[in-house]
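Asks: This one is final28.txt, compact mmCIF, C-alpha atoms and all ligand atoms.
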# COMPACT_ATOMS: atom_id res chain seq x y z
CA MET A 1 3.68 207.36 145.49
CA THR A 2 0.73 207.71 143.12
CA ASP A 3 -2.41 208.99 144.76
CA PHE A 4 -4.76 206.59 142.96
CA LYS A 5 -7.87 208.13 144.42
CA ALA A 6 -6.95 211.55 143.05
CA MET A 7 -5.85 210.00 139.77
CA VAL A 8 -9.16 208.20 139.26
CA GLU A 9 -11.06 211.31 140.28
CA ALA A 10 -9.14 213.35 137.71
CA LEU A 11 -9.78 210.73 135.01
CA ARG A 12 -13.53 210.54 135.59
CA ASN A 13 -15.71 211.71 132.73
CA PRO A 14 -17.00 215.13 133.77
CA ARG A 15 -20.29 214.38 132.00
CA LEU A 16 -21.11 212.06 134.88
CA GLN A 17 -20.26 214.56 137.57
CA GLY A 18 -22.99 214.78 140.15
CA PHE A 19 -24.38 211.32 139.34
CA GLY A 20 -23.65 209.06 142.31
CA THR A 21 -25.64 205.97 143.19
CA THR A 22 -29.27 206.13 142.05
CA ILE A 23 -31.82 207.18 144.64
CA PHE A 24 -33.50 203.77 144.25
CA ALA A 25 -30.41 201.81 145.25
CA GLU A 26 -29.70 204.24 148.06
CA MET A 27 -33.18 204.11 149.56
CA SER A 28 -33.44 200.31 149.20
CA ALA A 29 -30.15 199.99 151.09
CA LEU A 30 -31.54 202.33 153.77
CA ALA A 31 -34.65 200.14 154.08
CA LEU A 32 -32.50 197.04 154.60
CA ARG A 33 -30.22 198.76 157.08
CA THR A 34 -33.09 200.07 159.19
CA GLN A 35 -35.43 197.09 158.66
CA SER A 36 -38.00 199.47 157.32
CA ILE A 37 -40.83 198.67 154.93
CA ASN A 38 -39.61 199.65 151.51
CA LEU A 39 -42.19 201.70 149.63
CA GLY A 40 -39.37 203.50 147.83
CA GLN A 41 -38.00 201.67 144.80
CA GLY A 42 -40.79 200.68 142.46
CA PHE A 43 -40.82 196.93 142.15
CA PRO A 44 -43.66 194.51 142.91
CA ASP A 45 -43.30 192.07 145.81
CA THR A 46 -45.14 189.35 143.88
CA ASP A 47 -43.68 187.84 140.72
CA GLY A 48 -45.56 187.77 137.44
CA PRO A 49 -47.78 185.10 135.85
CA ASP A 50 -46.84 181.39 136.08
CA GLU A 51 -47.30 180.83 132.33
CA VAL A 52 -44.66 183.45 131.63
CA ALA A 53 -42.23 182.07 134.23
CA ASP A 54 -42.83 178.50 132.97
CA ALA A 55 -42.07 179.58 129.41
CA ALA A 56 -38.76 181.07 130.60
CA VAL A 57 -37.84 177.88 132.49
CA HIS A 58 -38.73 175.80 129.44
CA ALA A 59 -36.56 178.00 127.22
CA ILE A 60 -33.62 177.85 129.63
CA ARG A 61 -33.88 174.03 129.63
CA ASN A 62 -34.54 173.59 125.94
CA GLY A 63 -33.27 176.77 124.28
CA PRO A 64 -32.96 179.24 122.74
CA ASN A 65 -30.04 180.11 125.01
CA GLN A 66 -27.63 181.62 122.48
CA TYR A 67 -27.55 185.14 121.09
CA PRO A 68 -30.96 186.07 119.71
CA PRO A 69 -31.08 187.98 116.41
CA LEU A 70 -30.06 191.65 116.78
CA PRO A 71 -33.61 193.09 116.47
CA GLY A 72 -35.02 190.41 118.82
CA GLN A 73 -36.56 186.97 118.37
CA PRO A 74 -39.12 186.97 115.54
CA GLY A 75 -41.88 185.53 117.77
CA LEU A 76 -41.47 188.29 120.33
CA ARG A 77 -41.34 190.98 117.65
CA GLN A 78 -44.58 189.65 116.18
CA ALA A 79 -46.16 189.61 119.67
CA ILE A 80 -45.07 193.23 120.27
CA ALA A 81 -46.65 194.26 116.96
CA ASP A 82 -49.84 192.30 117.77
CA HIS A 83 -50.03 193.90 121.23
CA GLN A 84 -49.81 197.39 119.68
CA LYS A 85 -52.57 196.45 117.25
CA ARG A 86 -54.79 194.98 119.99
CA PHE A 87 -54.56 197.89 122.42
CA TYR A 88 -53.94 200.93 120.18
CA ASP A 89 -54.92 199.82 116.70
CA LEU A 90 -51.40 200.61 115.53
CA THR A 91 -49.83 198.52 112.78
CA TRP A 92 -46.07 197.90 112.91
CA ASP A 93 -44.08 195.58 110.68
CA PRO A 94 -42.36 193.17 113.07
CA ASP A 95 -39.34 192.81 110.78
CA SER A 96 -38.54 196.43 110.10
CA GLU A 97 -40.32 198.49 112.79
CA VAL A 98 -39.77 196.62 116.08
CA LEU A 99 -36.61 196.35 118.18
CA VAL A 100 -36.17 194.34 121.39
CA THR A 101 -33.89 196.00 123.98
CA ALA A 102 -32.40 195.41 127.43
CA GLY A 103 -35.33 197.05 129.19
CA ALA A 104 -36.78 200.45 128.44
CA THR A 105 -33.59 201.93 129.90
CA GLU A 106 -31.49 200.71 126.99
CA ALA A 107 -34.17 201.74 124.51
CA ILE A 108 -34.09 205.31 125.87
CA ALA A 109 -30.28 205.40 125.83
CA ALA A 110 -30.00 204.00 122.31
CA THR A 111 -32.63 206.44 121.03
CA ILE A 112 -30.89 209.46 122.52
CA LEU A 113 -27.50 208.28 121.24
CA ALA A 114 -29.03 207.72 117.81
CA LEU A 115 -30.53 211.22 117.64
CA CYS A 116 -28.10 213.53 119.43
CA ASP A 117 -24.76 215.02 118.52
CA THR A 118 -22.82 217.06 121.09
CA GLY A 119 -24.85 220.10 122.12
CA ASP A 120 -28.15 218.90 120.68
CA GLU A 121 -31.14 219.33 122.95
CA ILE A 122 -33.87 217.06 124.29
CA VAL A 123 -36.99 218.56 125.84
CA THR A 124 -38.21 216.65 128.89
CA PHE A 125 -40.88 217.20 131.52
CA GLU A 126 -39.77 217.56 135.11
CA PRO A 127 -39.93 215.75 137.42
CA SER A 128 -38.67 212.82 135.38
CA TYR A 129 -37.31 209.32 135.66
CA ASP A 130 -33.66 209.58 136.64
CA SER A 131 -32.09 207.83 133.65
CA TYR A 132 -33.17 210.58 131.23
CA SER A 133 -30.87 213.32 132.54
CA ALA A 134 -27.94 210.94 132.94
CA THR A 135 -28.32 209.47 129.47
CA ILE A 136 -28.74 212.88 127.83
CA LYS A 137 -25.55 214.02 129.58
CA MET A 138 -23.63 210.88 128.61
CA ALA A 139 -24.57 211.55 124.99
CA GLY A 140 -23.11 215.06 125.28
CA ALA A 141 -26.59 216.49 124.72
CA VAL A 142 -28.47 219.07 126.78
CA GLU A 143 -31.75 218.59 128.64
CA ARG A 144 -34.41 221.31 128.46
CA PRO A 145 -36.91 220.49 131.19
CA VAL A 146 -40.49 221.81 131.22
CA LEU A 147 -42.11 221.93 134.65
CA LEU A 148 -45.21 219.88 135.39
CA ASN A 149 -47.11 222.06 137.84
CA ALA A 150 -48.47 220.54 141.05
CA PRO A 151 -51.04 219.57 142.09
CA ASP A 152 -52.39 218.24 138.78
CA PHE A 153 -49.02 218.27 137.01
CA GLY A 154 -50.25 220.05 133.89
CA PHE A 155 -47.75 222.02 131.82
CA ASP A 156 -47.83 225.51 130.43
CA LEU A 157 -47.83 225.48 126.64
CA ALA A 158 -45.71 228.65 126.63
CA ASP A 159 -43.07 226.83 128.72
CA LEU A 160 -42.99 223.98 126.22
CA GLU A 161 -42.72 226.37 123.28
CA ALA A 162 -39.94 228.27 125.03
CA ALA A 163 -37.98 225.05 125.65
CA ILE A 164 -37.78 224.32 121.92
CA SER A 165 -34.80 225.78 120.05
CA PRO A 166 -33.09 225.20 116.70
CA LYS A 167 -30.95 222.60 118.50
CA THR A 168 -33.91 220.53 119.73
CA ARG A 169 -33.99 216.99 118.38
CA ALA A 170 -36.80 215.44 120.37
CA ILE A 171 -39.43 215.81 123.07
CA LEU A 172 -39.40 212.97 125.59
CA VAL A 173 -42.82 212.21 127.11
CA ASN A 174 -43.40 209.65 129.85
CA THR A 175 -47.05 208.70 130.20
CA PRO A 176 -48.30 207.35 132.58
CA HIS A 177 -45.73 209.40 134.42
CA ASN A 178 -43.16 208.40 137.03
CA PRO A 179 -42.95 209.79 139.72
CA THR A 180 -46.20 211.82 139.71
CA GLY A 181 -48.83 209.29 138.57
CA LYS A 182 -50.01 211.78 135.93
CA VAL A 183 -51.56 210.45 132.73
CA PHE A 184 -51.12 212.89 129.83
CA SER A 185 -54.54 213.77 128.39
CA LEU A 186 -55.46 213.61 124.72
CA SER A 187 -55.38 217.39 124.45
CA GLU A 188 -51.94 217.57 126.08
CA MET A 189 -50.65 214.90 123.72
CA GLU A 190 -52.15 216.76 120.76
CA ARG A 191 -50.45 219.98 121.81
CA ILE A 192 -47.09 218.21 122.06
CA ALA A 193 -47.72 216.57 118.67
CA ALA A 194 -48.58 219.90 117.03
CA LEU A 195 -45.33 221.44 118.26
CA ALA A 196 -43.32 218.40 117.16
CA ILE A 197 -44.84 218.61 113.69
CA GLY A 198 -44.43 222.38 113.52
CA HIS A 199 -40.74 222.23 114.49
CA ASP A 200 -39.99 218.92 112.76
CA LEU A 201 -39.03 217.05 115.92
CA ILE A 202 -39.11 213.44 117.03
CA VAL A 203 -41.26 212.49 120.03
CA ILE A 204 -39.88 209.75 122.25
CA THR A 205 -42.56 208.19 124.44
CA ASP A 206 -41.76 206.14 127.54
CA GLU A 207 -44.87 204.01 128.05
CA VAL A 208 -43.65 201.41 130.55
CA TYR A 209 -46.76 201.98 132.72
CA GLU A 210 -49.16 201.76 129.75
CA HIS A 211 -51.35 199.13 131.44
CA MET A 212 -51.62 201.01 134.72
CA VAL A 213 -54.15 203.75 134.00
CA PHE A 214 -56.90 204.14 136.60
CA ASN A 215 -58.65 207.25 135.35
CA GLY A 216 -58.91 208.13 131.68
CA GLU A 217 -57.02 206.13 129.08
CA HIS A 218 -53.51 205.69 127.84
CA ILE A 219 -52.92 207.69 124.69
CA ALA A 220 -50.37 206.27 122.27
CA MET A 221 -48.63 209.25 120.66
CA ALA A 222 -47.90 207.24 117.50
CA GLY A 223 -51.66 206.97 116.93
CA LEU A 224 -52.21 210.73 116.61
CA ASP A 225 -52.43 212.33 113.15
CA GLY A 226 -49.03 212.82 111.59
CA MET A 227 -47.18 211.21 114.49
CA ARG A 228 -46.51 207.63 113.37
CA GLU A 229 -43.48 208.72 111.31
CA ARG A 230 -41.93 210.80 114.05
CA THR A 231 -42.63 208.86 117.23
CA VAL A 232 -40.29 206.41 118.94
CA SER A 233 -42.55 204.41 121.28
CA ILE A 234 -40.78 202.63 124.11
CA SER A 235 -42.18 200.12 126.56
CA SER A 236 -41.03 197.14 128.56
CA ALA A 237 -42.16 193.94 130.21
CA GLY A 238 -40.89 194.80 133.69
CA LYS A 239 -43.98 196.57 135.00
CA THR A 240 -46.68 194.92 132.89
CA PHE A 241 -45.62 191.38 133.80
CA ALA A 242 -44.06 192.05 137.22
CA PHE A 243 -40.64 190.78 136.19
CA THR A 244 -38.63 193.97 136.64
CA GLY A 245 -35.35 192.04 136.90
CA TRP A 246 -35.69 190.50 133.44
CA LYS A 247 -35.08 193.76 131.61
CA VAL A 248 -36.87 193.04 128.37
CA GLY A 249 -37.96 196.21 126.60
CA TRP A 250 -38.83 197.28 123.09
CA VAL A 251 -39.10 200.09 120.59
CA THR A 252 -41.59 200.57 117.79
CA ALA A 253 -40.77 203.16 115.14
CA VAL A 254 -40.65 203.54 111.36
CA PRO A 255 -37.73 201.66 109.74
CA GLU A 256 -35.43 204.70 109.37
CA LEU A 257 -35.72 205.48 113.09
CA ARG A 258 -35.74 201.85 114.20
CA ASN A 259 -32.54 201.18 112.25
CA ALA A 260 -30.79 204.26 113.61
CA ILE A 261 -31.65 203.17 117.17
CA MET A 262 -30.55 199.60 116.42
CA THR A 263 -27.17 200.90 115.24
CA ALA A 264 -26.57 202.44 118.67
CA LYS A 265 -28.12 199.52 120.53
CA GLN A 266 -25.85 196.92 118.93
CA PHE A 267 -22.82 198.52 120.59
CA LEU A 268 -24.46 198.86 124.01
CA THR A 269 -25.51 195.27 124.69
CA PHE A 270 -25.81 193.83 121.16
CA VAL A 271 -28.59 191.54 122.41
CA SER A 272 -29.93 190.27 125.76
CA ALA A 273 -32.30 187.95 127.61
CA GLY A 274 -32.34 185.14 124.99
CA PRO A 275 -34.56 182.66 126.87
CA LEU A 276 -36.68 185.42 128.40
CA GLN A 277 -37.77 186.70 125.01
CA PRO A 278 -40.08 183.76 124.20
CA ALA A 279 -41.48 184.04 127.73
CA ILE A 280 -42.42 187.69 127.24
CA GLU A 281 -44.03 186.66 123.97
CA VAL A 282 -46.33 184.45 126.07
CA GLY A 283 -47.03 187.41 128.36
CA LEU A 284 -47.95 189.77 125.55
CA ARG A 285 -50.39 187.17 124.23
CA LEU A 286 -52.27 186.80 127.55
CA GLY A 287 -55.99 187.57 127.36
CA ASP A 288 -57.46 191.00 128.10
CA ASP A 289 -58.44 189.72 131.57
CA TYR A 290 -54.82 189.67 132.66
CA PHE A 291 -54.31 193.34 131.79
CA HIS A 292 -57.63 194.42 133.33
CA THR A 293 -56.97 192.56 136.58
CA LEU A 294 -53.51 194.10 136.84
CA ARG A 295 -55.03 197.56 136.51
CA ASP A 296 -57.96 196.93 138.84
CA ASP A 297 -55.77 195.40 141.58
CA LEU A 298 -53.45 198.37 141.45
CA ARG A 299 -56.34 200.83 141.54
CA HIS A 300 -57.51 199.18 144.73
CA LYS A 301 -53.99 199.36 146.21
CA ARG A 302 -53.72 203.03 145.24
CA ASP A 303 -56.93 203.77 147.12
CA ARG A 304 -55.90 201.68 150.13
CA LEU A 305 -52.55 203.44 150.47
CA ALA A 306 -53.85 206.94 149.68
CA THR A 307 -56.60 206.67 152.30
CA GLY A 308 -54.16 205.49 154.94
CA LEU A 309 -51.55 208.12 154.11
CA GLU A 310 -54.17 210.82 154.33
CA ALA A 311 -55.21 209.52 157.76
CA ALA A 312 -51.54 209.66 158.79
CA GLY A 313 -51.55 213.37 157.97
CA PHE A 314 -50.07 213.50 154.45
CA ASP A 315 -51.66 215.70 151.78
CA MET A 316 -52.10 213.40 148.82
CA LEU A 317 -51.79 214.53 145.21
CA PRO A 318 -53.91 212.97 142.48
CA CYS A 319 -52.65 209.72 140.93
CA HIS A 320 -54.26 208.51 137.69
CA GLY A 321 -51.71 205.90 136.66
CA THR A 322 -48.42 204.03 137.44
CA TYR A 323 -47.88 202.47 140.86
CA PHE A 324 -46.70 205.62 142.59
CA LEU A 325 -48.40 208.11 144.89
CA THR A 326 -47.09 211.58 145.65
CA ALA A 327 -47.55 213.12 149.09
CA ASP A 328 -46.96 216.69 150.24
CA ILE A 329 -45.09 216.42 153.54
CA ARG A 330 -45.45 219.94 154.91
CA GLY A 331 -48.33 219.28 157.29
CA VAL A 332 -47.09 215.97 158.64
CA ALA A 333 -43.56 217.33 159.01
CA GLU A 334 -44.73 220.29 161.06
CA GLN A 335 -47.00 218.15 163.21
CA ASN A 336 -44.14 215.78 164.08
CA GLY A 337 -41.15 218.09 164.17
CA LEU A 338 -39.64 216.42 161.11
CA PRO A 339 -37.74 218.22 158.33
CA ASN A 340 -40.10 219.58 155.66
CA THR A 341 -37.76 219.06 152.71
CA SER A 342 -38.13 215.80 150.89
CA VAL A 343 -34.59 214.35 151.01
CA GLU A 344 -34.22 215.09 154.73
CA PHE A 345 -37.75 213.87 155.46
CA CYS A 346 -37.10 210.55 153.67
CA LEU A 347 -33.85 210.09 155.58
CA ALA A 348 -35.71 210.69 158.88
CA LEU A 349 -38.77 208.57 158.08
CA PRO A 350 -37.23 205.13 158.84
CA GLU A 351 -36.46 206.18 162.39
CA ALA A 352 -39.73 208.05 162.84
CA ALA A 353 -42.01 205.36 161.40
CA GLY A 354 -40.05 202.38 159.97
CA VAL A 355 -41.03 203.12 156.37
CA VAL A 356 -38.95 204.13 153.34
CA ALA A 357 -40.23 206.47 150.60
CA VAL A 358 -38.36 208.23 147.81
CA PRO A 359 -37.79 212.02 147.80
CA SER A 360 -39.43 213.34 144.63
CA GLN A 361 -37.04 216.29 144.73
CA VAL A 362 -34.33 214.17 143.10
CA PHE A 363 -36.48 213.77 139.96
CA TYR A 364 -36.48 217.54 139.39
CA ALA A 365 -33.93 219.47 137.37
CA THR A 366 -35.03 222.42 139.51
CA PRO A 367 -34.94 220.68 142.92
CA LYS A 368 -36.74 223.57 144.65
CA ALA A 369 -39.90 222.70 142.70
CA GLY A 370 -40.16 219.24 144.28
CA ARG A 371 -38.80 219.90 147.73
CA HIS A 372 -42.05 219.15 149.59
CA PHE A 373 -42.99 215.97 147.71
CA ILE A 374 -42.20 212.35 148.41
CA ARG A 375 -43.17 209.23 146.44
CA PHE A 376 -44.63 205.98 147.78
CA ALA A 377 -44.83 202.78 145.67
CA PHE A 378 -48.03 200.75 146.12
CA CYS A 379 -47.17 197.67 144.00
CA LYS A 380 -47.03 195.63 147.21
CA LYS A 381 -49.13 192.99 148.97
CA ASP A 382 -52.11 194.39 150.87
CA ASP A 383 -50.67 193.04 154.15
CA LEU A 384 -47.47 194.95 153.62
CA LEU A 385 -49.32 198.16 152.73
CA ASP A 386 -51.42 197.75 155.88
CA GLU A 387 -48.35 197.16 158.02
CA ALA A 388 -46.70 200.28 156.55
CA LEU A 389 -49.85 202.28 157.26
CA SER A 390 -50.09 201.04 160.82
CA ARG A 391 -46.49 202.17 161.36
CA LEU A 392 -47.14 205.55 159.71
CA ALA A 393 -50.17 206.04 161.95
CA VAL A 394 -47.74 207.27 164.67
CA LEU A 395 -47.48 210.47 162.62
CA ALA A 396 -51.24 211.09 162.62
CA PRO A 397 -52.54 214.32 164.14
N1 LIG B 401 -39.01 204.50 132.45
C1 LIG B 401 -39.69 204.70 133.58
C2 LIG B 401 -40.60 205.86 133.68
C3 LIG B 401 -39.53 203.82 134.64
O1 LIG B 401 -40.18 204.02 135.77
C4 LIG B 401 -38.69 202.70 134.48
C5 LIG B 401 -38.61 201.66 135.53
N2 LIG B 401 -37.90 201.82 136.56
C6 LIG B 401 -37.97 202.56 133.30
C7 LIG B 401 -38.17 203.47 132.29
C8 LIG B 401 -37.00 201.45 133.08
O2 LIG B 401 -37.59 200.32 132.61
P1 LIG B 401 -36.76 198.97 132.44
O3 LIG B 401 -36.64 198.35 133.79
O4 LIG B 401 -37.55 198.19 131.48
O5 LIG B 401 -35.41 199.35 131.90
N1 LIG B 402 -38.63 202.34 138.01
C1 LIG B 402 -38.44 202.07 139.40
C2 LIG B 402 -38.70 203.31 140.21
O1 LIG B 402 -38.91 204.37 139.67
C3 LIG B 402 -37.09 201.51 139.75
C4 LIG B 402 -35.97 201.97 138.92
C5 LIG B 402 -34.61 201.58 139.39
O2 LIG B 402 -34.42 200.94 140.41
N2 LIG B 402 -33.65 202.03 138.65
O3 LIG B 402 -38.71 203.22 141.40
Using structure tokens, write down the structure from this file.
Replies:
Amino acid sequence: MTDFKAMVEALRNPRLQGFGTTIFAEMSALALRTQSINLGQGFPDTDGPDEVADAAVHAIRNGPNQYPPLPGQPGLRQAIADHQKRFYDLTWDPDSEVLVTAGATEAIAATILALCDTGDEIVTFEPSYDSYSATIKMAGAVERPVLLNAPDFGFDLADLEAAISPKTRAILVNTPHNPTGKVFSLSEMERIAALAIGHDLIVITDEVYEHMVFNGEHIAMAGLDGMRERTVSISSAGKTFAFTGWKVGWVTAVPELRNAIMTAKQFLTFVSAGPLQPAIEVGLRLGDDYFHTLRDDLRHKRDRLATGLEAAGFDMLPCHGTYFLTADIRGVAEQNGLPNTSVEFCLALPEAAGVVAVPSQVFYATPKAGRHFIRFAFCKKDDLLDEALSRLAVLAP
């Protein structure tokens, strides 16, 4: 009799070896199972603006509900270009330099597929969002991670230089940065730009948290001297408009790059989210107030959670952007007889305190570097944050 399990195992693509279920799905399931408060997976517990939701409902009732054009609906592409002009003074032609994607995730995948042949290399910064490694592997490419050093998560220029080889195609920069909350400074961005220009590389920027910067400002790589032609800027509506399940993302890049990415993208999903596209157009056209309030509310939540976590005995690392806080668990683990490595600590935390966090270790290519860090999401109602903190208070010294 055929052993189907063994057969399927043998047929699995080795490029995906080691990639099981994502940590987000795993920790959210753990939260449900243990009835814990879920500060793991990063999604807001309040939906986005009514005007945006109403526009989606209107479009579902009245159309467009059929396939949108391959690059995205013209109105949304214009709104993406206008948004880039408004916030970064960047000018993109909506017809030839903008591409709408199924979230930032598809934009990243299509960009890597468009740029990489087997064995080509992508430089990343670790820790990093989990889809990067998986997508680079699926493309048959090789990741060259550069460590962001705790506690401020700066990088060593020599490390970045050493990661670049004749096979390097691109440097992938995520700012504001998940999971650390780091916001790359102008001088860091300039150093990356200088190396990209010097080695003739593309820079891919993942800017999905662009409107969540609490200290300093978001630097758009494409706005730096000499970078417009070689930057693929990626963002999405999920975080900015608190509709993470809609998966509407976009790319802005010069036509040659945009078209290359579109070629890959058309065979991934072709198109997506027809009636959601006009709704995101409404979102991108909201007044500055909307974007400022989003940022200010999250800043307040960051402070609320950080203060409480510190009182519970965690050593908090700085967070200048995103909706994630990093905590060093060593002190609190010792105090409470809990494991002091991040995966084991996060597995023990539901029973110890009824709260779920995400082990930052899984975002590292060199897991040892992140073994004492865990990540908490603060994009939650104040009541829920307070309830989580009152539970975590049992750990306090
Ligand atoms: N990049 C980063 C850094 C993220 O945190 C996320 C959100 N989880 C994504 C990309 C994916 O964005 P989207 O949901 O638009 O695919
Ligand atoms: N971006 C979110 C996070 O980092 C969720 C991503 C996901 O569930 N794949 O938590």
Asks: Any idea what the distance is between atom CA of Gly181 of chain A and atom O3 of ligand LIG 402 (chain B)?
Replies: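 Calculated distance between atom CA of Gly181 of chain A and atom O3 of ligand LIG 402 (chain B) is 12.1 Å.
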Asks: Between atom CA of Ala333 of chain A and atom CA of Leu385 of chain A, what is the distance, to one decimal in Å?
Replies: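 Between these atoms lies a distance of 21.0 Å.
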Asks: What is the atom CA of Glu310 of chain A-atom CA of Val355 of chain A distance in Å, reported with one decimal?
Replies: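 Distance between the two atoms: 15.4 Å.
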Asks: Return the single residue from A:Ala10, A:Ala109, A:Ala353, A:Leu325 that is closest to Asn178 of chain A, with distances computed using only C-alpha atoms.
Replies: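 Smallest distance to Asn178 of chain A is found for A:Leu325.
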Asks: Select, from A:Val394, A:Leu186, A:Val358, A:Leu11, the residue with the minimum atom-to-atom distance to Leu30 of chain A, counting all atoms listed in the file.
Replies: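 Among A:Val394, A:Leu186, A:Val358, A:Leu11, it is A:Val358 that comes nearest to Leu30 of chain A.
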Asks: Select all residues near (-35.4, 198.3, 124.5) (cut-off 10 Å, inclusive, file coordinates), counting only C-alpha atoms, and output them as a PyMOL selection string.
Replies: chain A and resi 71-72+98-111+233-237+247-252+261-262+265+271-272
Asks: Could you tell me which of A:Ala352, A:Ile329, A:Val142, A:Ala393 comes closest to Ser36 of chain A if we count only C-alpha atoms?
Replies: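 Of all the options, A:Ala352 lies closest to Ser36 of chain A.
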Asks: Can you work out which one of A:Gly245, A:Gly337, A:Pro14, A:Gly274 has the shortest atom-to-atom distance to ligand LIG 402 (chain B), counting only C-alpha atoms and all ligand atoms?
Replies: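 Under the stated criterion, the closest residue is A:Gly245.
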Asks: Please tell me which residues are no farther than 7 Å from (-30.5, 224.0, 123.9) in the file, counting only C-alpha atoms, and write them as a list in words.
Replies: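 Looking at atoms near the point gives Asp120, Glu121, Val142, Arg144, Ser165, Lys167 and Thr168 of chain A.
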Asks: Check which residues of chain A sit at most 6 Å from ligand LIG 402 (chain B) using all atoms listed in the file, and return one row each with the closest pair of atoms and their distance in Å to one decimal, ordered by chain and rising number, as JSON lines.
Replies:
{"residue": "A:Phe24", "atom": "CA", "partner": "B:LIG402", "partner_atom": "O2", "distance": 4.9}
{"residue": "A:Gln41", "atom": "CA", "partner": "B:LIG402", "partner_atom": "O3", "distance": 3.8}
{"residue": "A:Gly42", "atom": "CA", "partner": "B:LIG402", "partner_atom": "O3", "distance": 3.4}
Asks: Write out, as an mmCIF file, in the frame of the given file, the residues just selected, with C-alpha atoms.
Replies:
data_model
loop_
_atom_site.group_PDB
_atom_site.id
_atom_site.type_symbol
_atom_site.label_atom_id
_atom_site.label_comp_id
_atom_site.auth_asym_id
_atom_site.auth_seq_id
_atom_site.Cartn_x
_atom_site.Cartn_y
_atom_site.Cartn_z
ATOM 1 C CA PHE A 24 -33.500 203.770 144.250
ATOM 2 C CA GLN A 41 -38.000 201.670 144.800
ATOM 3 C CA GLY A 42 -40.790 200.680 142.460
#
Asks: Do a neighbour search on Arg230 of chain A at 8 Å with only C-alpha atoms, toss out local chain neighbours closer than 5 positions, and write the hits as a PyMOL selection string.
Replies: chain A and resi 201-203+222+253-254
Asks: From the set A:Asp156, A:Asp95, A:Glu126, A:Glu344, which residue has the shortest atom-to-atom contact distance to ligand LIG 401 (chain B), counting only C-alpha atoms and all ligand atoms?
Replies: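 Distance minimum relative to ligand LIG 401 (chain B) lands on A:Glu126.
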Asks: What's the 6 Å shell around Pro94 of chain A, counting all atoms listed in the file, without same-chain residues fewer than 3 positions away, as a PyMOL selection string?
Replies: chain A and resi 77-78+81+97-98
Asks: Which of these, A:Tyr132, A:Tyr209, A:Phe125, A:Trp92, has the shortest distance to Leu147 of chain A once you count all atoms listed in the file?
Replies: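 Closest to Leu147 of chain A, using all atoms listed in the file: A:Phe125.
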Asks: Axis-aligned box over every listed atom of ligand LIG 401 (chain B), padded by 4 Å per side: centre and edges in Å to one decimal, as JSON?
Replies:
{"center_x": -38.0, "center_y": 202.0, "center_z": 134.0, "size_x": 13.2, "size_y": 15.7, "size_z": 13.1}
Asks: What's around Thr263 of chain A at 10 Å? Count all atoms listed in the file, leave out sequence neighbours fewer than 6 positions away in its own chain, and write the answer as number ranges by chain.
Replies: A: 70, 110-111, 113-114, 257, 270
Asks: List as number ranges by chain the protein and nucleic acid residues near Asn149 of chain A, meaning an atom at most 12 Å away when all atoms listed in the file are counted, but skip any in the same chain fewer than 3 places from it.
Replies: A: 125-127, 146, 152-157, 159, 180, 182, 317, 364, 369-370
Asks: Which residues are near Ala377 of chain A? Cut-off 6 Å, only C-alpha atoms, ignore same chain within fewer than 4 positions. Put them as a PyMOL selection string.
Replies: chain A and resi 39-40+42+323-324
